[in-house]
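Below is final.txt, holding compact mmCIF, C-alpha atoms and all ligand atoms.
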# COMPACT_ATOMS: atom_id res chain seq x y z
CA MET A 153 11.96 -5.29 22.33
CA LYS A 154 14.79 -4.78 19.82
CA ASN A 155 15.86 -8.42 19.57
CA GLU A 156 12.28 -9.58 19.49
CA LEU A 157 11.59 -7.31 16.50
CA ILE A 158 14.72 -8.42 14.65
CA GLU A 159 13.97 -12.08 15.27
CA ARG A 160 10.36 -11.85 14.07
CA PHE A 161 11.13 -9.68 11.09
CA THR A 162 14.03 -11.76 9.78
CA SER A 163 11.99 -14.96 10.07
CA TYR A 164 9.06 -13.44 8.13
CA VAL A 165 11.14 -11.96 5.31
CA LYS A 166 12.74 -15.33 4.62
CA VAL A 167 9.37 -16.68 3.47
CA ASP A 168 8.83 -15.82 -0.19
CA THR A 169 5.38 -14.22 -0.29
CA GLN A 170 5.48 -12.34 -3.57
CA SER A 171 1.94 -12.01 -4.90
CA ASP A 172 1.03 -12.82 -8.50
CA GLU A 173 -1.46 -10.85 -10.55
CA SER A 174 -1.92 -13.66 -13.05
CA SER A 175 -3.13 -16.06 -10.36
CA GLU A 176 -6.86 -16.39 -9.78
CA THR A 177 -6.63 -17.83 -6.28
CA CYS A 178 -6.71 -15.98 -2.97
CA PRO A 179 -4.04 -15.75 -1.68
CA SER A 180 -2.51 -15.56 -5.13
CA THR A 181 0.57 -17.57 -4.13
CA GLU A 182 1.37 -20.58 -1.94
CA GLY A 183 4.14 -18.74 -0.05
CA GLN A 184 1.55 -16.40 1.45
CA TRP A 185 -0.29 -19.42 2.90
CA THR A 186 2.98 -20.51 4.51
CA LEU A 187 3.50 -17.20 6.29
CA LEU A 188 -0.19 -16.76 7.15
CA ARG A 189 -0.21 -20.19 8.83
CA MET A 190 3.00 -19.33 10.70
CA LEU A 191 1.30 -16.19 11.97
CA VAL A 192 -1.74 -18.13 13.18
CA GLU A 193 0.54 -20.34 15.25
CA GLU A 194 2.44 -17.39 16.64
CA LEU A 195 -0.73 -15.45 17.53
CA GLU A 196 -1.85 -18.49 19.53
CA THR A 197 1.58 -18.86 21.16
CA ILE A 198 1.70 -15.25 22.38
CA GLY A 199 -1.77 -15.64 23.88
CA MET A 200 -4.12 -13.91 21.45
CA GLU A 201 -7.73 -15.08 21.40
CA GLU A 202 -10.27 -15.84 18.64
CA VAL A 203 -7.44 -16.64 16.23
CA THR A 204 -8.95 -17.54 12.85
CA ILE A 205 -7.86 -18.10 9.27
CA ASP A 206 -10.57 -18.25 6.62
CA GLU A 207 -10.67 -20.05 3.28
CA ASN A 208 -9.12 -17.02 1.56
CA GLY A 209 -6.16 -16.83 3.93
CA TYR A 210 -7.29 -13.84 6.01
CA VAL A 211 -5.94 -14.15 9.56
CA MET A 212 -7.75 -12.41 12.41
CA ALA A 213 -7.23 -12.39 16.17
CA THR A 214 -8.42 -10.61 19.28
CA LEU A 215 -6.73 -9.01 22.23
CA PRO A 216 -9.64 -8.93 24.69
CA SER A 217 -10.50 -5.80 26.62
CA ASN A 218 -9.17 -5.65 30.17
CA THR A 219 -11.24 -2.71 31.34
CA GLU A 220 -14.80 -2.18 32.54
CA LYS A 221 -14.98 0.95 30.42
CA GLN A 222 -16.88 1.00 27.11
CA VAL A 223 -14.02 1.46 24.63
CA PRO A 224 -14.38 1.37 20.83
CA THR A 225 -12.89 -1.74 19.21
CA ILE A 226 -9.91 -0.76 17.09
CA GLY A 227 -8.10 -2.85 14.54
CA PHE A 228 -4.59 -3.04 13.10
CA LEU A 229 -3.84 -4.54 9.70
CA ALA A 230 -0.78 -5.48 7.70
CA HIS A 231 -0.37 -7.38 4.44
CA VAL A 232 1.92 -10.39 4.13
CA ASP A 233 2.60 -10.27 0.39
CA THR A 234 5.54 -8.49 -1.22
CA ALA A 235 5.69 -6.44 -4.40
CA THR A 236 5.74 -7.93 -7.87
CA ASP A 237 8.34 -5.38 -9.08
CA PHE A 238 11.40 -7.25 -7.78
CA THR A 239 12.20 -10.77 -6.63
CA GLY A 240 11.42 -11.83 -3.08
CA THR A 241 12.98 -15.27 -3.33
CA ASN A 242 15.81 -16.12 -0.89
CA VAL A 243 15.75 -12.85 1.00
CA ASN A 244 18.92 -12.75 3.09
CA PRO A 245 18.59 -9.85 5.55
CA GLN A 246 21.78 -8.05 6.65
CA ILE A 247 22.02 -6.32 10.00
CA VAL A 248 24.05 -3.13 10.24
CA GLU A 249 24.65 -2.26 13.89
CA ASN A 250 25.36 1.32 14.88
CA TYR A 251 25.22 2.58 11.28
CA ASP A 252 27.93 5.16 10.56
CA GLY A 253 25.94 7.23 8.05
CA GLU A 254 28.24 6.30 5.15
CA GLU A 255 27.98 3.94 2.17
CA ILE A 256 26.62 0.45 2.85
CA VAL A 257 28.03 -2.36 0.73
CA LEU A 258 25.01 -4.59 0.15
CA ASN A 259 26.84 -7.07 -2.03
CA LYS A 260 30.59 -7.03 -2.49
CA ALA A 261 30.73 -9.59 -5.32
CA LEU A 262 28.00 -7.87 -7.33
CA LYS A 263 29.22 -4.39 -6.32
CA VAL A 264 25.83 -3.29 -5.03
CA VAL A 265 26.33 -0.24 -2.82
CA MET A 266 23.76 1.97 -1.13
CA SER A 267 25.17 5.46 -0.88
CA PRO A 268 23.95 8.71 0.72
CA LYS A 269 24.63 10.31 -2.68
CA ASP A 270 21.70 8.37 -4.15
CA PHE A 271 19.67 8.12 -0.95
CA PRO A 272 20.01 11.46 0.84
CA SER A 273 17.95 10.36 3.84
CA LEU A 274 20.59 7.77 4.87
CA PRO A 275 22.66 10.02 7.19
CA GLU A 276 19.53 10.58 9.31
CA TYR A 277 19.92 6.96 10.40
CA LYS A 278 23.40 7.42 11.86
CA GLY A 279 23.66 5.36 15.03
CA HIS A 280 20.62 3.21 14.20
CA THR A 281 20.50 -0.53 13.69
CA LEU A 282 19.47 -1.06 10.07
CA ILE A 283 18.28 -4.16 8.27
CA THR A 284 19.12 -4.24 4.56
CA THR A 285 19.03 -6.73 1.71
CA ASP A 286 22.06 -8.54 0.32
CA GLY A 287 21.59 -6.61 -2.92
CA THR A 288 19.88 -9.40 -4.84
CA THR A 289 16.25 -9.20 -3.65
CA LEU A 290 13.79 -6.80 -2.12
CA LEU A 291 13.59 -6.87 1.68
CA GLY A 292 9.86 -7.14 2.25
CA ALA A 293 9.69 -4.51 5.00
CA ASP A 294 6.63 -3.61 2.94
CA ASN A 295 4.74 -4.97 4.73
CA LYS A 296 6.37 -7.57 6.99
CA ALA A 297 7.60 -4.71 9.15
CA GLY A 298 3.93 -3.90 9.81
CA VAL A 299 3.21 -7.54 10.62
CA THR A 300 6.21 -7.60 13.00
CA GLU A 301 5.24 -4.38 14.75
CA ILE A 302 1.60 -5.38 15.27
CA MET A 303 2.62 -8.84 16.55
CA THR A 304 5.21 -7.32 18.90
CA ALA A 305 2.76 -4.71 20.22
CA MET A 306 0.25 -7.49 20.98
CA ALA A 307 2.90 -9.60 22.75
CA TYR A 308 3.88 -6.56 24.81
CA LEU A 309 0.31 -5.77 25.88
CA ILE A 310 -0.31 -9.40 26.83
CA LYS A 311 2.80 -9.29 29.04
CA HIS A 312 1.73 -5.97 30.55
CA PRO A 313 -1.85 -6.42 31.76
CA GLU A 314 -1.46 -3.30 33.92
CA ILE A 315 -1.89 -1.29 30.69
CA LYS A 316 -5.65 -0.84 30.31
CA HIS A 317 -7.17 -1.18 26.86
CA GLY A 318 -10.39 -1.98 25.04
CA LYS A 319 -10.84 -4.83 22.60
CA VAL A 320 -8.23 -4.85 19.86
CA ARG A 321 -8.55 -6.79 16.60
CA VAL A 322 -5.65 -7.58 14.32
CA ALA A 323 -5.65 -8.91 10.76
CA PHE A 324 -2.94 -10.16 8.43
CA THR A 325 -4.06 -10.12 4.83
CA PRO A 326 -2.92 -11.32 1.39
CA ASP A 327 -2.46 -9.68 -2.01
CA GLU A 328 -2.29 -5.96 -1.23
CA GLU A 329 0.38 -5.41 -3.86
CA ILE A 330 -1.94 -6.61 -6.64
CA GLY A 331 -4.79 -4.42 -5.38
CA ARG A 332 -6.93 -7.28 -4.08
CA GLY A 333 -6.12 -6.97 -0.37
CA PRO A 334 -9.59 -6.02 0.86
CA HIS A 335 -11.58 -7.84 -1.84
CA LYS A 336 -12.41 -10.80 0.36
CA PHE A 337 -11.88 -9.12 3.72
CA ASP A 338 -14.79 -9.91 6.01
CA VAL A 339 -15.48 -6.51 7.61
CA ALA A 340 -18.40 -7.91 9.62
CA ALA A 341 -16.27 -10.70 11.08
CA PHE A 342 -13.49 -8.26 11.90
CA ASN A 343 -16.07 -6.17 13.72
CA ALA A 344 -13.99 -3.15 14.66
CA ASN A 345 -15.18 0.45 14.85
CA TYR A 346 -12.15 1.60 12.91
CA ALA A 347 -8.66 0.41 12.09
CA TYR A 348 -5.16 1.39 11.07
CA THR A 349 -2.99 -0.17 8.41
CA VAL A 350 0.64 -0.22 9.57
CA ASP A 351 1.93 0.00 6.02
CA GLY A 352 3.60 3.41 5.64
CA GLY A 353 7.23 4.36 5.07
CA PRO A 354 9.57 6.55 7.11
CA LEU A 355 9.14 7.58 10.75
CA GLY A 356 6.08 9.71 11.44
CA GLU A 357 4.07 9.04 8.29
CA LEU A 358 0.35 9.36 8.93
CA GLU A 359 -1.94 9.16 5.93
CA TYR A 360 -5.68 9.46 5.65
CA GLU A 361 -6.18 10.75 2.10
CA SER A 362 -5.61 8.74 -1.05
CA PHE A 363 -6.45 9.17 -4.70
CA ASN A 364 -9.82 8.53 -6.30
CA ALA A 365 -8.94 6.06 -8.99
CA ALA A 366 -10.40 4.79 -12.24
CA GLY A 367 -9.11 2.84 -15.20
CA ALA A 368 -10.01 3.58 -18.83
CA LYS A 369 -9.46 0.91 -21.45
CA ILE A 370 -9.99 2.25 -24.95
CA THR A 371 -10.13 0.12 -28.10
CA ILE A 372 -9.96 1.85 -31.47
CA LYS A 373 -10.92 0.07 -34.66
CA GLY A 374 -9.31 0.91 -37.97
CA THR A 375 -9.56 -0.48 -41.48
CA ASN A 376 -6.49 -2.04 -43.04
CA ILE A 377 -6.16 -1.86 -46.83
CA HIS A 378 -3.14 -2.51 -49.00
CA PRO A 379 -1.25 0.78 -48.81
CA GLY A 380 -1.04 0.93 -52.61
CA SER A 381 -4.79 1.24 -52.94
CA ALA A 382 -5.64 2.75 -49.58
CA LYS A 383 -6.69 6.22 -50.68
CA ASP A 384 -9.87 7.31 -48.87
CA LYS A 385 -10.34 3.78 -47.54
CA MET A 386 -7.65 3.05 -44.98
CA VAL A 387 -8.35 4.10 -41.41
CA ASN A 388 -5.22 3.84 -39.26
CA SER A 389 -6.29 3.12 -35.68
CA MET A 390 -2.88 4.13 -34.28
CA LYS A 391 -3.25 7.60 -35.72
CA ILE A 392 -6.70 7.98 -34.17
CA ALA A 393 -5.16 6.87 -30.88
CA MET A 394 -2.49 9.55 -31.17
CA GLU A 395 -5.16 12.11 -32.00
CA LEU A 396 -7.09 11.02 -28.91
CA HIS A 397 -4.07 11.22 -26.64
CA SER A 398 -3.14 14.66 -27.95
CA LYS A 399 -6.50 15.99 -26.74
CA LEU A 400 -5.57 15.27 -23.12
CA PRO A 401 -3.89 18.10 -21.16
CA ALA A 402 -0.17 17.35 -21.58
CA GLY A 403 0.84 18.68 -18.16
CA GLU A 404 -1.62 16.50 -16.26
CA ALA A 405 0.55 13.41 -16.27
CA PRO A 406 2.42 11.68 -13.42
CA GLU A 407 5.77 13.06 -14.57
CA HIS A 408 4.48 16.63 -14.20
CA THR A 409 2.37 16.46 -11.03
CA GLU A 410 2.78 16.24 -7.24
CA GLY A 411 0.93 16.89 -3.97
CA TYR A 412 -2.79 17.15 -4.60
CA GLU A 413 -2.45 17.37 -8.41
CA GLY A 414 -4.28 14.67 -10.34
CA PHE A 415 -3.45 13.13 -13.69
CA PHE A 416 -4.22 10.94 -16.68
CA HIS A 417 -1.57 8.27 -17.07
CA LEU A 418 -1.12 6.34 -20.31
CA LEU A 419 -0.02 2.92 -19.04
CA SER A 420 0.17 1.15 -22.36
CA PHE A 421 -0.36 1.72 -26.08
CA ASN A 422 -0.57 -1.38 -28.26
CA GLY A 423 -1.61 -1.18 -31.84
CA ASP A 424 -1.44 -1.77 -35.53
CA VAL A 425 -3.44 -0.28 -38.37
CA GLU A 426 -6.46 -2.45 -37.70
CA GLN A 427 -6.75 -2.05 -33.94
CA THR A 428 -5.16 -0.02 -31.12
CA LYS A 429 -5.68 -0.43 -27.39
CA LEU A 430 -4.94 2.37 -24.96
CA ASN A 431 -4.84 1.75 -21.24
CA TYR A 432 -5.12 4.76 -18.94
CA ILE A 433 -5.38 5.26 -15.21
CA ILE A 434 -7.12 8.38 -13.91
CA ARG A 435 -6.22 9.76 -10.48
CA ASP A 436 -7.37 12.73 -8.41
CA HIS A 437 -7.76 13.38 -4.67
CA ASP A 438 -10.71 15.70 -5.25
CA ARG A 439 -13.99 13.95 -6.01
CA GLU A 440 -15.28 16.66 -8.36
CA ASN A 441 -12.04 16.87 -10.30
CA PHE A 442 -12.05 13.09 -10.50
CA LEU A 443 -15.55 13.09 -12.02
CA ALA A 444 -14.50 15.88 -14.39
CA ARG A 445 -11.51 13.82 -15.52
CA LYS A 446 -13.77 10.89 -16.34
CA THR A 447 -16.08 13.24 -18.26
CA THR A 448 -13.07 14.58 -20.19
CA ILE A 449 -12.24 11.05 -21.35
CA GLU A 450 -15.89 10.39 -22.28
CA ASN A 451 -16.11 13.66 -24.22
CA ILE A 452 -12.95 12.92 -26.18
CA VAL A 453 -14.23 9.45 -27.01
CA ASN A 454 -17.51 10.98 -28.20
CA GLU A 455 -15.62 13.44 -30.39
CA ILE A 456 -13.78 10.52 -32.00
CA LYS A 457 -17.11 8.75 -32.52
CA GLY A 458 -18.52 11.87 -34.18
CA LYS A 459 -15.58 12.02 -36.54
CA TYR A 460 -14.96 8.33 -37.34
CA GLY A 461 -18.28 6.63 -36.59
CA SER A 462 -19.79 5.15 -33.45
CA ASP A 463 -18.17 1.75 -34.07
CA SER A 464 -14.70 3.20 -34.31
CA ILE A 465 -14.04 3.35 -30.59
CA LEU A 466 -14.98 1.50 -27.43
CA LEU A 467 -14.47 2.85 -23.91
CA GLU A 468 -14.47 0.76 -20.74
CA LEU A 469 -14.31 3.10 -17.77
CA ASN A 470 -14.16 1.52 -14.32
CA ASP A 471 -13.74 3.00 -10.86
CA GLN A 472 -10.98 1.31 -8.85
CA TYR A 473 -11.02 2.95 -5.41
CA TYR A 474 -11.91 6.26 -3.80
CA ASN A 475 -10.22 8.79 -1.55
CA MET A 476 -10.51 7.34 1.95
CA GLY A 477 -10.41 10.92 3.29
CA GLU A 478 -14.13 11.25 2.57
CA LYS A 479 -14.87 8.38 4.96
CA ILE A 480 -12.23 9.28 7.54
CA LYS A 481 -12.90 13.02 7.92
CA PRO A 482 -16.27 12.37 9.66
CA VAL A 483 -14.31 10.34 12.28
CA MET A 484 -11.24 12.55 12.31
CA GLU A 485 -10.62 11.72 15.98
CA ILE A 486 -9.01 8.45 14.82
CA VAL A 487 -6.36 10.44 12.96
CA ASP A 488 -6.04 12.83 15.91
CA ILE A 489 -5.39 9.91 18.27
CA ALA A 490 -2.62 8.58 16.01
CA HIS A 491 -1.20 12.10 15.81
CA GLU A 492 -1.30 12.51 19.58
CA ALA A 493 0.27 9.05 20.06
CA MET A 494 3.23 10.04 17.88
CA VAL A 495 3.69 13.44 19.55
CA SER A 496 3.67 11.84 23.00
CA LEU A 497 6.47 9.53 21.81
CA ASP A 498 8.46 12.50 20.47
CA ILE A 499 7.78 11.52 16.87
CA LYS A 500 7.04 14.33 14.44
CA PRO A 501 3.90 13.34 12.51
CA ILE A 502 4.20 13.75 8.75
CA ILE A 503 0.71 14.07 7.30
CA LYS A 504 0.53 13.95 3.53
CA PRO A 505 -1.92 12.70 0.90
CA ILE A 506 -1.00 9.32 -0.58
CA ARG A 507 -0.44 9.55 -4.32
CA GLY A 508 -1.87 6.09 -4.69
CA GLY A 509 -4.13 3.84 -2.68
CA THR A 510 -3.80 1.54 0.30
CA ASP A 511 -5.92 -1.30 1.55
CA GLY A 512 -7.47 1.43 3.68
CA SER A 513 -8.83 3.20 0.56
CA GLN A 514 -11.06 0.22 -0.12
CA LEU A 515 -11.71 -0.76 3.51
CA SER A 516 -12.88 2.76 4.38
CA TYR A 517 -15.62 2.39 1.74
CA MET A 518 -16.47 -1.09 3.02
CA GLY A 519 -17.44 0.48 6.35
CA LEU A 520 -14.11 0.32 8.17
CA PRO A 521 -12.43 3.75 8.25
CA THR A 522 -8.70 2.92 8.05
CA PRO A 523 -5.89 5.50 8.00
CA ASN A 524 -2.28 4.38 7.55
CA ILE A 525 0.72 4.77 9.85
CA PHE A 526 4.47 4.37 9.29
CA THR A 527 6.50 1.18 9.62
CA GLY A 528 9.95 2.80 9.47
CA GLY A 529 10.97 1.26 6.14
CA GLU A 530 12.34 3.03 3.06
CA ASN A 531 12.94 2.38 -0.66
CA PHE A 532 10.18 -0.22 -0.87
CA HIS A 533 9.89 -2.68 -3.77
CA GLY A 534 13.58 -2.98 -4.66
CA LYS A 535 17.04 -4.08 -3.60
CA TYR A 536 17.75 -0.83 -1.72
CA GLU A 537 14.84 -1.40 0.62
CA PHE A 538 15.90 -1.12 4.26
CA ILE A 539 14.44 -0.51 7.68
CA SER A 540 15.67 1.03 10.91
CA VAL A 541 15.08 -1.21 13.92
CA ASP A 542 15.08 1.92 16.09
CA ASN A 543 12.11 3.20 14.10
CA MET A 544 10.43 -0.21 14.22
CA ILE A 545 10.50 0.17 18.02
CA LYS A 546 8.85 3.58 17.58
CA ALA A 547 6.19 2.14 15.26
CA THR A 548 5.45 -0.63 17.78
CA ASN A 549 5.21 1.94 20.56
CA THR A 550 2.90 4.05 18.38
CA VAL A 551 0.53 1.08 18.05
CA ILE A 552 0.62 0.57 21.83
CA GLU A 553 0.13 4.30 22.47
CA ILE A 554 -2.89 4.47 20.10
CA ILE A 555 -4.44 1.59 22.04
CA LYS A 556 -3.74 3.32 25.39
CA LEU A 557 -5.11 6.69 24.24
CA THR A 558 -8.26 5.08 22.85
CA GLU A 559 -8.94 3.67 26.30
CA GLN A 560 -8.10 6.91 28.09
CA LYS A 561 -10.42 8.93 25.87
CA ALA A 562 -13.35 6.55 26.14
ZN ZN B 1 2.49 -2.18 1.54
Give the structure from this file in structure tokens form.
Ligand SMILES: [Zn+2]
Amino acid sequence: MKNELIERFTSYVKVDTQSDESSETCPSTEGQWTLLRMLVEELETIGMEEVTIDENGYVMATLPSNTEKQVPTIGFLAHVDTATDFTGTNVNPQIVENYDGEEIVLNKALKVVMSPKDFPSLPEYKGHTLITTDGTTLLGADNKAGVTEIMTAMAYLIKHPEIKHGKVRVAFTPDEEIGRGPHKFDVAAFNANYAYTVDGGPLGELEYESFNAAGAKITIKGTNIHPGSAKDKMVNSMKIAMELHSKLPAGEAPEHTEGYEGFFHLLSFNGDVEQTKLNYIIRDHDRENFLARKTTIENIVNEIKGKYGSDSILLELNDQYYNMGEKIKPVMEIVDIAHEAMVSLDIKPIIKPIRGGTDGSQLSYMGLPTPNIFTGGENFHGKYEFISVDNMIKATNTVIEIIKLTEQKA
């Protein structure tokens, strides 16, 4: 399985699939089409059935049931795009066999070194086969490792018909990194009872709670007058914006919070005397706290209106996604099965709330409860991204084990 994983993974990461927020198409970039079409061909080659690609690039395929038993249909998903934070052009993966736990020189000429001093988890990988970048790009383990592991698990099950399983659906999707992954996902066509994204980080990660998320765009209008004759006439919109921001609890910001603590995050502040725009994101795992945070913003905006006039400020408050935990807890057995699969493979499950969202956050509210499991990658979205092939084997086996347990429990 090791060589198969390396071969697949290195061929996928060489395709530049960086998504692009400014694009209106789906997928947002041509490179994603290239990889998605490659995957269609490969799904057919390994013997998957009902292989489809729709007009938005979503690839789906079926591993048919090989048992008489009534088993729920489960799905596995991974996204093909890579992050917008760092370049994904000309990815040149480096293989480190039998890693010694010391510094890894990613690029001698550019003096890019990955050291356990900066990345304390590195020594845990002593003895593993690692795949790294050459120090000039990201790797794209997020989420091509997930694609690789799902594909390899399917190939394995097709070669091992003695392993009994129900119907399994897989999907490879575009544009997760720009938040659009599930937007055009056809849940009805996928037709699974529940699914897993294979899009987590280090060994053992199992996630079923995410943030509730909203965005608040605030526009403040001022009045610009020549400063020499501005007395009692000038209204400086930047100062109102500062006044507004100062009313928010200072400690409830990303730089001061962790675990289940929510926040208000000021993403951008652009202004002059005449007009200032503030862009916030609001995050909280707890639904009631989330609603209270939105009310806090509304109340502050109303205070500003009371003081400066109702035309002085405009609030656009939009929900972005919700905590998938609310949709997954009623079917907690799907998390339990993933947990049991990991334990039976001697993997210690690490269950923690995501301080963000996944495709699963949206899919769970579209009727497809979708927790997230690990891929084995680390340091996503930058040049220090790497993955352990040993842990990719474990992720692949976790997918296979989840499929086995689902059949056994039916
Ligand atoms: Zn991802």
Distance limit 8 Å, reference ligand ZN 1 (chain B), atoms considered: only C-alpha atoms and all ligand atoms. Which residues make the cut? Give them as a PyMOL selection string. chain A and resi 230-231+234-235+294-295+328-329+351-352+510
Do a neighbour search on Phe415 in chain A at 8 Å with all atoms listed in the file, toss out local chain neighbours closer than 6 positions, and write the hits as a list in words.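 Within the cut-off, the hits are Glu404, Ala405, Pro406, Thr409, Ile434, Arg435 and Asp436 of chain A.
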Take the residues that were just selected and, keeping C-alpha atoms, output them as a compact mmCIF listing (two decimals), in the coordinates of the input.
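And here's again13.txt as it stands now:
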# COMPACT_ATOMS: atom_id res chain seq x y z
CA GLU A 404 -1.62 16.50 -16.26
CA ALA A 405 0.55 13.41 -16.27
CA PRO A 406 2.42 11.68 -13.42
CA THR A 409 2.37 16.46 -11.03
CA ILE A 434 -7.12 8.38 -13.91
CA ARG A 435 -6.22 9.76 -10.48
CA ASP A 436 -7.37 12.73 -8.41
Selected residue of minimal separation from Tyr277 in chain A among A:Thr204, A:Thr177, A:Asn242, A:Ser540, counting all atoms listed in the file: A:Ser540
Set the distance at 10 Å and use all atoms listed in the file: which residues neighbour Gln246 in chain A once local chain neighbours fewer than 6 positions away are removed? I'd like the list as number ranges by chain. A: 162, 258, 282-287, 291, 538
Which residue gives the smallest distance to Glu173 in chain A among A:Met200, A:Ile315, A:Ile330, A:Met212, with only C-alpha atoms counted? A:Ile330
With all atoms listed in the file as the basis for distance, which of A:Gly403, A:Pro354, A:Gly414, A:Gly331 is at the shortest distance from Glu276 in chain A? A:Pro354
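Residue nearest Gly318 in chain A, chosen from A:Asn470, A:Thr428, A:Asn345, A:Thr558 and counting all atoms listed in the file: A:Thr558.
As for CA of Ser217 in chain A and CA of Val551 in chain A, they are spaced 15.6 Å apart.
The coordinates place CA of Gln472 in chain A at 6.8 Å from CA of Gly367 in chain A.
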So how many Å separate CA of Ile310 in chain A and CA of Asn549 in chain A, to one decimal?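 Interatomic distance, CA of Ile310 in chain A to CA of Asn549 in chain A: 14.1 Å.
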Within 12 Å of Thr219 in chain A using all atoms listed in the file, minus same-chain residues under 6 positions, as number ranges by chain: A: 313-319, 556, 558-560, 562
Near-Asn454 in chain A list (12 Å; all atoms listed in the file; drop same-chain fewer than 2 positions) as a PyMOL selection string: chain A and resi 370+396+447-452+456-467
Please report, as a Markdown table, each residue of range 370-407 of chain A lying at most 7 Å from range 421-426 of chain A, together with the nearest pair of atoms and the separation in Å rounded to one decimal; use only C-alpha atoms, and order rows by chain and ascending residue number.
| residue | atom | partner | partner_atom | distance |
| --- | --- | --- | --- | --- |
| A:Lys373 | CA | A:Glu426 | CA | 6.0 |
| A:Gly374 | CA | A:Glu426 | CA | 4.4 |
| A:Thr375 | CA | A:Glu426 | CA | 5.3 |
| A:Asn376 | CA | A:Glu426 | CA | 5.4 |
| A:Asn388 | CA | A:Val425 | CA | 4.6 |
| A:Ser389 | CA | A:Val425 | CA | 5.2 |
| A:Met390 | CA | A:Gly423 | CA | 6.0 |
Store the residues picked out above in a file with C-alpha atoms, as a tab-separated table (two decimals), keeping the file's coordinate frame.
chain	number	residue	atom	x	y	z
A	373	LYS	CA	-10.92	0.07	-34.66
A	374	GLY	CA	-9.31	0.91	-37.97
A	375	THR	CA	-9.56	-0.48	-41.48
A	376	ASN	CA	-6.49	-2.04	-43.04
A	388	ASN	CA	-5.22	3.84	-39.26
A	389	SER	CA	-6.29	3.12	-35.68
A	390	MET	CA	-2.88	4.13	-34.28
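Distances to Thr169 in chain A were evaluated for A:Asp327, A:Glu530, A:Asp270, A:Glu395 using only C-alpha atoms, and the minimum falls at A:Asp327.
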For Tyr210 in chain A, work out the shell of residues within 9 Å, counting all atoms listed in the file and skipping chain neighbours fewer than 5 positions away, then give it as a PDB file with C-alpha atoms, in the frame of the given file.
ATOM      1  CA  PRO A 179      -4.040 -15.750  -1.680  1.00  0.00           C
ATOM      2  CA  LEU A 188      -0.190 -16.760   7.150  1.00  0.00           C
ATOM      3  CA  THR A 204      -8.950 -17.540  12.850  1.00  0.00           C
ATOM      4  CA  ILE A 205      -7.860 -18.100   9.270  1.00  0.00           C
ATOM      5  CA  ALA A 323      -5.650  -8.910  10.760  1.00  0.00           C
ATOM      6  CA  PHE A 324      -2.940 -10.160   8.430  1.00  0.00           C
ATOM      7  CA  THR A 325      -4.060 -10.120   4.830  1.00  0.00           C
ATOM      8  CA  PRO A 326      -2.920 -11.320   1.390  1.00  0.00           C
ATOM      9  CA  LYS A 336     -12.410 -10.800   0.360  1.00  0.00           C
ATOM     10  CA  PHE A 337     -11.880  -9.120   3.720  1.00  0.00           C
ATOM     11  CA  ASP A 338     -14.790  -9.910   6.010  1.00  0.00           C
TER      12      ASP A 338
END
Hey, which of A:Ala365, A:Met544, A:Val203, A:Lys561 ends up closest to Gln222 in chain A? Count only C-alpha atoms. A:Lys561
Go ahead and fit an axis-aligned box to every listed atom of range 222-230 of chain A plus 8 Å each side, and pass me the centre and edge lengths in Å, one decimal, as AutoDock Vina command-line options.
--center_x -8.8 --center_y -2.0 --center_z 17.4 --size_x 32.1 --size_y 22.9 --size_z 35.4
